[in-house]
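Q: Hey, dropping entry_8.cif in here, mmCIF, C-alpha atoms and all ligand atoms:
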data_data
#
loop_
_atom_site.label_atom_id
_atom_site.label_comp_id
_atom_site.auth_asym_id
_atom_site.auth_seq_id
_atom_site.Cartn_x
_atom_site.Cartn_y
_atom_site.Cartn_z
CA MET A 1 15.77 -0.27 15.01
CA LYS A 2 12.18 0.01 13.92
CA HIS A 3 11.53 -0.71 10.28
CA VAL A 4 8.29 -0.44 8.32
CA LEU A 5 8.37 -3.67 6.34
CA SER A 6 4.75 -4.72 6.80
CA VAL A 7 1.48 -3.18 7.90
CA LEU A 8 2.08 -5.25 11.04
CA ASP A 9 4.92 -2.87 11.91
CA LEU A 10 2.36 -0.04 11.82
CA VAL A 11 -0.67 -1.67 13.44
CA GLU A 12 -0.14 -0.01 16.82
CA GLU A 13 0.62 3.26 15.06
CA LEU A 14 -2.24 3.36 12.56
CA PRO A 15 -4.75 5.51 14.49
CA ARG A 16 -2.00 7.97 15.40
CA LEU A 17 -0.66 8.05 11.85
CA ILE A 18 -4.15 8.73 10.51
CA GLU A 19 -4.56 11.56 12.99
CA LEU A 20 -1.11 12.98 12.20
CA THR A 21 -1.84 12.78 8.47
CA SER A 22 -4.94 14.94 8.98
CA ARG A 23 -2.90 17.52 10.85
CA ILE A 24 -0.18 17.57 8.19
CA LYS A 25 -2.72 17.75 5.35
CA GLU A 26 -4.51 20.67 6.99
CA ASN A 27 -1.32 22.55 7.80
CA PRO A 28 1.57 21.44 5.57
CA ARG A 29 3.57 24.58 6.39
CA GLY A 30 3.65 23.59 10.03
CA TYR A 31 5.83 20.62 9.06
CA SER A 32 8.03 22.29 6.43
CA SER A 33 11.12 22.06 8.64
CA ALA A 34 10.45 18.63 10.14
CA LEU A 35 13.21 16.88 8.18
CA VAL A 36 15.82 19.65 7.94
CA GLY A 37 19.25 18.02 7.82
CA LYS A 38 17.81 14.55 7.07
CA SER A 39 18.55 12.53 3.96
CA VAL A 40 16.40 9.65 2.76
CA ALA A 41 17.58 7.11 0.16
CA LEU A 42 14.87 5.85 -2.18
CA ILE A 43 16.05 2.64 -3.85
CA PHE A 44 13.81 1.32 -6.63
CA GLU A 45 14.18 -2.04 -8.37
CA LYS A 46 10.88 -1.53 -10.19
CA HIS A 47 8.88 1.24 -11.83
CA SER A 48 6.93 3.70 -9.72
CA THR A 49 4.99 6.92 -10.12
CA ARG A 50 3.03 7.43 -6.89
CA THR A 51 5.43 5.91 -4.39
CA ARG A 52 8.50 7.57 -5.81
CA VAL A 53 6.94 11.02 -6.22
CA SER A 54 5.10 10.97 -2.89
CA LEU A 55 8.25 10.01 -0.99
CA GLU A 56 10.45 12.45 -2.87
CA VAL A 57 8.05 15.36 -2.43
CA ALA A 58 7.31 14.37 1.20
CA VAL A 59 11.00 14.51 2.12
CA SER A 60 11.80 17.71 0.22
CA SER A 61 8.67 19.59 1.33
CA MET A 62 9.59 18.87 4.96
CA GLY A 63 13.07 20.32 4.41
CA GLY A 64 14.95 17.05 3.91
CA HIS A 65 16.97 15.66 1.02
CA PRO A 66 15.60 12.70 -0.96
CA LEU A 67 18.00 10.64 -3.08
CA TYR A 68 16.26 8.71 -5.86
CA LEU A 69 18.45 5.69 -6.55
CA PRO A 70 17.28 3.32 -9.28
CA LYS A 71 18.91 -0.05 -8.64
CA GLU A 72 20.59 -0.21 -12.04
CA GLN A 73 22.45 3.04 -11.31
CA LEU A 74 23.82 1.74 -8.02
CA GLN A 75 26.64 -0.77 -7.67
CA LEU A 76 23.81 -2.96 -6.34
CA GLY A 77 22.79 -3.28 -9.99
CA ARG A 78 26.26 -4.63 -10.84
CA GLY A 79 26.24 -7.25 -8.11
CA GLU A 80 27.27 -5.44 -4.92
CA PRO A 81 25.51 -7.30 -2.08
CA ILE A 82 22.42 -5.70 -0.57
CA GLU A 83 24.04 -6.19 2.87
CA ASP A 84 27.02 -4.02 1.89
CA THR A 85 24.69 -1.43 0.37
CA ALA A 86 22.78 -1.31 3.67
CA ARG A 87 25.93 -0.82 5.73
CA VAL A 88 27.27 1.96 3.50
CA LEU A 89 23.98 3.86 3.31
CA SER A 90 23.43 3.52 7.08
CA GLY A 91 26.41 5.77 7.67
CA MET A 92 25.24 8.42 5.23
CA VAL A 93 21.44 8.71 5.26
CA ASP A 94 18.74 8.77 7.95
CA ALA A 95 16.29 6.31 6.38
CA ILE A 96 16.02 4.03 3.36
CA ALA A 97 12.85 3.39 1.37
CA TYR A 98 13.13 0.34 -0.84
CA ARG A 99 10.97 -1.08 -3.63
CA ALA A 100 12.04 -4.68 -4.18
CA TYR A 101 11.02 -7.68 -6.20
CA SER A 102 11.52 -9.99 -3.26
CA HIS A 103 10.62 -9.62 0.41
CA GLU A 104 13.71 -11.67 1.20
CA THR A 105 15.95 -8.89 -0.21
CA MET A 106 13.93 -6.37 1.81
CA LEU A 107 14.69 -8.35 4.99
CA ARG A 108 18.39 -8.60 4.16
CA LEU A 109 18.52 -4.83 3.69
CA ALA A 110 16.71 -4.20 6.97
CA LEU A 111 18.82 -6.69 8.94
CA ASN A 112 21.98 -4.86 7.93
CA SER A 113 20.71 -1.31 8.20
CA ASP A 114 21.20 0.91 11.24
CA VAL A 115 18.61 3.37 9.93
CA PRO A 116 14.89 2.68 9.42
CA VAL A 117 13.94 0.80 6.28
CA ILE A 118 10.53 1.52 4.75
CA ASN A 119 8.98 -1.03 2.39
CA ALA A 120 8.01 0.89 -0.74
CA LEU A 121 6.38 -2.32 -2.13
CA ASP A 122 7.66 -5.85 -2.49
CA ASP A 123 6.10 -9.15 -3.53
CA GLU A 124 4.45 -9.59 -0.11
CA GLU A 125 3.19 -6.17 0.98
CA HIS A 126 2.69 -2.49 0.21
CA PRO A 127 2.31 -0.86 3.64
CA LEU A 128 2.52 2.78 2.50
CA GLN A 129 -0.36 2.12 0.12
CA ALA A 130 -2.49 0.53 2.85
CA LEU A 131 -1.94 3.52 5.13
CA ALA A 132 -3.15 5.88 2.39
CA ASP A 133 -6.09 3.55 1.75
CA VAL A 134 -7.37 3.46 5.33
CA TYR A 135 -6.69 7.17 5.67
CA THR A 136 -8.84 7.83 2.59
CA ILE A 137 -11.65 5.62 3.90
CA GLN A 138 -11.55 7.38 7.26
CA GLU A 139 -11.48 10.80 5.57
CA LEU A 140 -14.51 10.06 3.39
CA LYS A 141 -16.56 7.77 5.62
CA GLY A 142 -15.51 9.06 9.04
CA ARG A 143 -14.42 5.60 10.23
CA VAL A 144 -13.16 2.20 9.14
CA ARG A 145 -14.75 0.27 12.01
CA GLY A 146 -17.96 -1.46 10.98
CA LEU A 147 -17.55 -0.75 7.27
CA LYS A 148 -17.62 -3.54 4.69
CA VAL A 149 -14.50 -3.27 2.52
CA ALA A 150 -14.62 -5.59 -0.51
CA PHE A 151 -11.47 -6.39 -2.45
CA VAL A 152 -11.97 -8.15 -5.81
CA GLY A 153 -9.06 -9.73 -7.67
CA ASP A 154 -5.60 -11.06 -6.88
CA GLY A 155 -4.55 -11.99 -3.33
CA ASN A 156 -1.41 -9.92 -3.87
CA ASN A 157 0.81 -7.47 -1.99
CA VAL A 158 -1.77 -4.66 -2.05
CA MET A 159 -4.60 -6.98 -0.98
CA VAL A 160 -2.60 -8.39 1.96
CA SER A 161 -1.60 -4.98 3.30
CA LEU A 162 -5.15 -3.65 2.91
CA MET A 163 -6.57 -6.71 4.70
CA LEU A 164 -4.21 -6.22 7.67
CA ALA A 165 -4.87 -2.48 7.91
CA VAL A 166 -8.67 -2.73 7.62
CA THR A 167 -9.01 -5.60 10.10
CA SER A 168 -6.71 -3.92 12.63
CA LEU A 169 -9.07 -0.93 12.60
CA GLY A 170 -12.19 -3.04 13.13
CA GLY A 171 -13.45 -3.10 9.53
CA ASP A 172 -15.20 -6.05 7.90
CA PHE A 173 -12.86 -7.16 5.14
CA TRP A 174 -14.20 -9.33 2.33
CA ALA A 175 -12.14 -10.51 -0.63
CA ALA A 176 -13.30 -12.33 -3.75
CA ILE A 177 -10.26 -14.17 -5.08
CA PRO A 178 -10.13 -16.81 -7.82
CA GLU A 179 -8.86 -20.24 -6.91
CA GLY A 180 -5.07 -20.43 -7.08
CA TYR A 181 -4.57 -16.75 -6.24
CA ASP A 182 -5.37 -16.73 -2.52
CA PRO A 183 -3.21 -14.65 -0.16
CA PRO A 184 -0.77 -16.55 2.09
CA GLU A 185 -2.66 -18.51 4.76
CA GLU A 186 -0.50 -17.14 7.57
CA LYS A 187 -1.41 -13.56 6.62
CA VAL A 188 -5.11 -14.43 6.64
CA ALA A 189 -4.68 -16.05 10.07
CA ILE A 190 -3.04 -12.88 11.38
CA ALA A 191 -5.86 -10.78 9.91
CA GLU A 192 -8.38 -13.03 11.68
CA GLU A 193 -6.58 -12.41 14.99
CA LEU A 194 -6.49 -8.66 14.35
CA ALA A 195 -10.17 -8.69 13.46
CA SER A 196 -11.16 -10.62 16.55
CA SER A 197 -9.40 -8.18 18.86
CA ALA A 198 -10.58 -5.06 16.98
CA GLY A 199 -14.18 -6.21 16.50
CA GLY A 200 -14.03 -6.68 12.74
CA SER A 201 -14.03 -9.71 10.47
CA VAL A 202 -12.28 -11.23 7.47
CA ARG A 203 -13.84 -13.42 4.77
CA ILE A 204 -12.20 -14.80 1.64
CA VAL A 205 -14.75 -16.01 -0.93
CA ARG A 206 -14.80 -16.96 -4.62
CA ASP A 207 -17.96 -15.08 -5.64
CA PRO A 208 -17.42 -11.36 -6.40
CA VAL A 209 -21.13 -10.59 -5.89
CA GLU A 210 -21.03 -12.08 -2.38
CA ALA A 211 -18.04 -9.91 -1.50
CA VAL A 212 -19.44 -6.70 -3.02
CA ARG A 213 -23.02 -7.06 -1.73
CA ASP A 214 -23.77 -4.06 0.53
CA ALA A 215 -20.12 -3.03 0.55
CA ASP A 216 -19.13 0.48 1.60
CA VAL A 217 -15.83 0.25 -0.27
CA VAL A 218 -15.04 -1.70 -3.45
CA TYR A 219 -11.33 -2.07 -4.16
CA THR A 220 -9.36 -3.74 -6.90
CA ASP A 221 -5.78 -3.92 -8.16
CA VAL A 222 -4.09 -5.08 -11.36
CA TRP A 223 -4.31 -8.73 -12.36
CA ILE A 224 -0.67 -8.80 -13.44
CA SER A 225 1.70 -7.32 -10.90
CA MET A 226 5.21 -6.17 -11.73
CA GLY A 227 7.33 -9.26 -12.29
CA GLN A 228 4.39 -11.46 -13.38
CA GLU A 229 4.34 -10.41 -17.04
CA ALA A 230 5.09 -13.95 -18.24
CA GLU A 231 1.80 -15.14 -16.70
CA ARG A 232 -0.23 -12.52 -18.56
CA GLU A 233 -2.41 -14.74 -20.78
CA LYS A 234 -3.29 -17.19 -18.02
CA ARG A 235 -4.07 -14.40 -15.57
CA LEU A 236 -6.29 -12.57 -18.06
CA ARG A 237 -8.33 -15.78 -18.44
CA ASP A 238 -8.45 -16.64 -14.74
CA PHE A 239 -9.41 -13.16 -13.58
CA ALA A 240 -11.97 -12.33 -16.30
CA PRO A 241 -14.97 -13.11 -14.00
CA TYR A 242 -13.47 -10.75 -11.39
CA ARG A 243 -13.64 -7.53 -13.42
CA VAL A 244 -15.13 -4.67 -11.43
CA ASP A 245 -17.83 -3.37 -13.75
CA GLU A 246 -21.08 -1.43 -13.40
CA LYS A 247 -23.09 -4.63 -12.90
CA LEU A 248 -20.89 -5.86 -10.07
CA VAL A 249 -20.87 -2.55 -8.20
CA SER A 250 -24.67 -2.32 -8.48
CA HIS A 251 -24.64 -4.79 -5.56
CA ALA A 252 -22.70 -2.39 -3.33
CA LYS A 253 -24.29 0.23 -1.06
CA GLU A 254 -25.69 3.26 -2.84
CA ASP A 255 -22.98 5.50 -1.42
CA PHE A 256 -20.08 3.05 -1.92
CA ILE A 257 -16.65 4.36 -2.89
CA PHE A 258 -14.46 2.72 -5.51
CA MET A 259 -10.73 2.49 -4.78
CA HIS A 260 -7.68 1.30 -6.73
CA CYS A 261 -4.04 1.72 -5.76
CA LEU A 262 -3.21 2.51 -9.44
CA PRO A 263 -1.84 2.14 -12.03
CA ALA A 264 -5.12 0.85 -13.49
CA HIS A 265 -5.77 -1.14 -16.63
CA ARG A 266 -9.17 -0.04 -17.91
CA GLY A 267 -10.95 -2.97 -19.50
CA GLU A 268 -9.00 -5.51 -17.45
CA GLU A 269 -9.62 -5.35 -13.67
CA VAL A 270 -11.98 -2.36 -13.91
CA THR A 271 -14.21 -0.74 -16.52
CA PRO A 272 -13.91 2.96 -17.40
CA GLY A 273 -17.49 3.44 -16.19
CA VAL A 274 -16.44 2.47 -12.65
CA ILE A 275 -12.99 4.00 -12.31
CA ASP A 276 -14.00 7.23 -14.06
CA GLY A 277 -17.49 7.21 -12.58
CA PRO A 278 -19.08 9.17 -9.74
CA HIS A 279 -18.18 6.70 -6.96
CA SER A 280 -14.47 6.58 -7.76
CA VAL A 281 -12.11 8.24 -5.29
CA VAL A 282 -8.88 7.05 -6.89
CA TRP A 283 -7.33 10.50 -7.40
CA ARG A 284 -7.92 11.54 -3.82
CA GLN A 285 -6.54 8.15 -2.76
CA ALA A 286 -3.40 8.70 -4.87
CA TRP A 287 -2.91 12.26 -3.57
CA ASN A 288 -3.23 11.00 -0.02
CA ARG A 289 -0.07 8.97 -0.64
CA LEU A 290 1.82 12.26 -0.20
CA HIS A 291 0.23 13.23 3.12
CA THR A 292 0.51 9.74 4.59
CA ALA A 293 4.14 9.42 3.45
CA LYS A 294 4.88 12.65 5.29
CA ALA A 295 3.29 11.25 8.45
CA VAL A 296 5.40 8.08 8.37
CA LEU A 297 8.61 10.01 7.71
CA ALA A 298 7.85 12.56 10.42
CA ARG A 299 7.17 9.81 12.98
CA LEU A 300 10.42 8.07 12.09
CA LEU A 301 12.69 11.09 11.69
CA ALA A 302 11.13 14.00 13.61
CA PRO A 303 10.07 12.54 16.97
CA GLY A 304 10.74 15.90 18.66
CA LEU A 305 8.01 17.48 16.57
CA VAL A 306 5.39 14.74 16.31
CA GLY A 307 6.23 12.32 19.12
CA ALA A 308 8.47 9.25 19.15
CA PRO A 309 7.37 6.41 16.90
CA PHE A 310 6.22 3.00 18.01
CA GLU A 311 5.84 3.98 21.68
N1 LIG B 1 0.20 2.58 -6.06
C1 LIG B 1 1.52 2.65 -6.28
O1 LIG B 1 2.34 2.23 -5.45
O2 LIG B 1 1.88 3.20 -7.46
P1 LIG B 1 3.34 3.30 -8.06
O3 LIG B 1 3.73 1.92 -8.54
O4 LIG B 1 3.21 4.28 -9.19
O5 LIG B 1 4.29 3.77 -7.00
N1 LIG B 2 0.18 -5.24 -7.20
C1 LIG B 2 0.83 -4.22 -8.00
C2 LIG B 2 0.79 -2.91 -7.28
C3 LIG B 2 1.44 -1.77 -8.00
C4 LIG B 2 1.41 -0.51 -7.20
C5 LIG B 2 2.26 -4.64 -8.29
O1 LIG B 2 2.91 -5.21 -7.40
O2 LIG B 2 2.72 -4.43 -9.41
#
Using the file provided, produce a representation of the structure as structure tokens.
A:
Amino acid sequence: MKHVLSVLDLVEELPRLIELTSRIKENPRGYSSALVGKSVALIFEKHSTRTRVSLEVAVSSMGGHPLYLPKEQLQLGRGEPIEDTARVLSGMVDAIAYRAYSHETMLRLALNSDVPVINALDDEEHPLQALADVYTIQELKGRVRGLKVAFVGDGNNVMVSLMLAVTSLGGDFWAAIPEGYDPPEEKVAIAEELASSAGGSVRIVRDPVEAVRDADVVYTDVWISMGQEAEREKRLRDFAPYRVDEKLVSHAKEDFIFMHCLPAHRGEEVTPGVIDGPHSVVWRQAWNRLHTAKAVLARLLAPGLVGAPFE
């Protein structure tokens, strides 16, 4: 069974998924029956706007049936093991998307599921976001290869998935991360390997100006991810020099684009002048979550129409 738990599960697929997304975006009606007869369970332990709505609309607009299942309304929320939940759902639905606090729970679900499990964000990665991110870069810049993509902020789930996606496509990925918030070393090592075979590079630095200088893309994410609320005061202090403001982005290329996975906290990780300014592409990026979600679901559940996944 092929699951989508990490960008690494999609690396081989990324160029084809980007291409399929373009086709679906141009001609959504051509895919309106792709998932007829298919049901997809969407289990959420945490809040979501984009991921939930994009998956729900992706499934229903391709003729399938999405089931939005907040954890607290499942027996899972009353202590039923995730393994038992996986076994039961495997006999009833065709795929499970799961937003979890812990990657370990994600793995336990996948290990016990006979249908594909899609990571809808956990503490380690956010692969659906990264796919929409590289798709958006490709759509606006025509390529990822050779572009400087600068991430400023926390070495978190979104940063790790973006790093893996950009390096696998031959981009030059720079991240400015404060001390104590680096991404896991093993993920950086994998990104270095991906970069060396795809012709890109990866650099983790402390200085935001160094990362953003001559960047084609400037990207940030929240300083306090879901589940880290108790660390709020310390994080606000530690990340203050990493705010993406007009002064910082003045070091980027003239035609840079600003990206953010959203939700954003204006005045924390980004100023209104940047996120609401002329270089920001965050709405397009968010809307592309729908088209890219459709591409992933079609590859997993409609191989007759779009080709078998992970060939
Ligand atoms: N970017 C993203 O995943 O947003 P949601 O938390 O609203 O799904
Ligand atoms: N890093 C953020 C992303 C939200 C989409 C979080 O995990 O809360």
Q: Counting only C-alpha atoms, what is within 9 Å of Pro263 (chain A), bar same-chain residues fewer than 6 positions away, as a list in words?
A: Thr49, Arg50, Asp221 and Val222 of chain A
Q: Hey, what's within 9 Å of Pro70 (chain A) if we count only C-alpha atoms and toss same-chain stuff fewer than 2 positions away? As a list in words, please?
A: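 Listing them by chain and then by number gives Leu42, Ile43, Phe44, Glu45, Lys46, Tyr68, Glu72, Gln73, Leu74 and Gly77 of chain A.
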Q: Could you list the protein, DNA and RNA residues that have any atom within 10 Å of ligand LIG 1 (chain B), counting all atoms listed in the file, and write them as a PyMOL selection string?
A: chain A and resi 44+46-55+99+120-121+126-130+132+158+221+225-226+260-264+285-286+289
Q: Could you jot down the CA of Leu194 (chain A) to CA of Asn157 (chain A) separation for me, Å, one decimal place?
A: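 A separation of 17.9 Å between them.
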Q: Would you list the residues near (6.9, 0.9, 11.2), meaning any protein, DNA or RNA residue with an atom at most 8 Å from that point in file coordinates, counting only C-alpha atoms, as a PyMOL selection string?
A: chain A and resi 2-10+13+118+296+309-310
Q: If you measure from CA of Val36 (chain A) to CA of His65 (chain A), what distance in Å do you get, rounded to one decimal?
A: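 Atom-to-atom, CA of Val36 (chain A) to CA of His65 (chain A), that is 8.1 Å.
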Q: What is the CA of His251 (chain A) to CA of Asp238 (chain A) distance in Å?
A: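 Pair CA of His251 (chain A) / CA of Asp238 (chain A) returns 22.1 Å.
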Q: Within 12 Å of Arg243 (chain A), counting only C-alpha atoms, which residues show up once you throw out same-chain ones fewer than 2 positions away? Write them as a ChimeraX atom specification, please.
A: /A:151-154,176-178,207-209,212,218-223,235-241,245-249,264-275
Q: Between A:Asp84, A:Leu89, A:Val217, A:Gly304, which is the closest to Pro116 (chain A) once you count only C-alpha atoms?
A: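 That would be A:Leu89, the residue with the smallest distance to Pro116 (chain A).
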Q: Return the single residue from A:Ala191, A:Ala295, A:Leu162, A:Leu147 that is closest to ligand LIG 2 (chain B), with distances computed using only C-alpha atoms and all ligand atoms.
A: A:Leu162
Q: Counting only C-alpha atoms, which residue out of A:Gly63, A:Gly170, A:Gly155, A:Gly227 sits closest to Val188 (chain A)?
A: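 Residue with the minimum atom-to-atom distance to Val188 (chain A): A:Gly155.
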Q: Neighbouring residues of Ser102 (chain A) were defined as those with any atom within 8 Å, considering all atoms listed in the file; residues of the same chain fewer than 5 positions away were excluded. Please report them as a PDB file with C-alpha atoms, keeping the file's coordinate frame.
A:
ATOM      1  CA  ASP A 122       7.660  -5.850  -2.490  1.00  0.00           C
ATOM      2  CA  ASP A 123       6.100  -9.150  -3.530  1.00  0.00           C
ATOM      3  CA  GLU A 124       4.450  -9.590  -0.110  1.00  0.00           C
TER       4      GLU A 124
END
Q: Using 8 Å of padding on each side, determine the axis-aligned box around all atoms of ligand LIG 2 (chain B) present in the file and give its centre and edge lengths in Å to one decimal, as lines of an AutoDock Vina configuration file.
A:
center_x = 1.5
center_y = -2.9
center_z = -8.3
size_x = 18.7
size_y = 20.7
size_z = 18.2
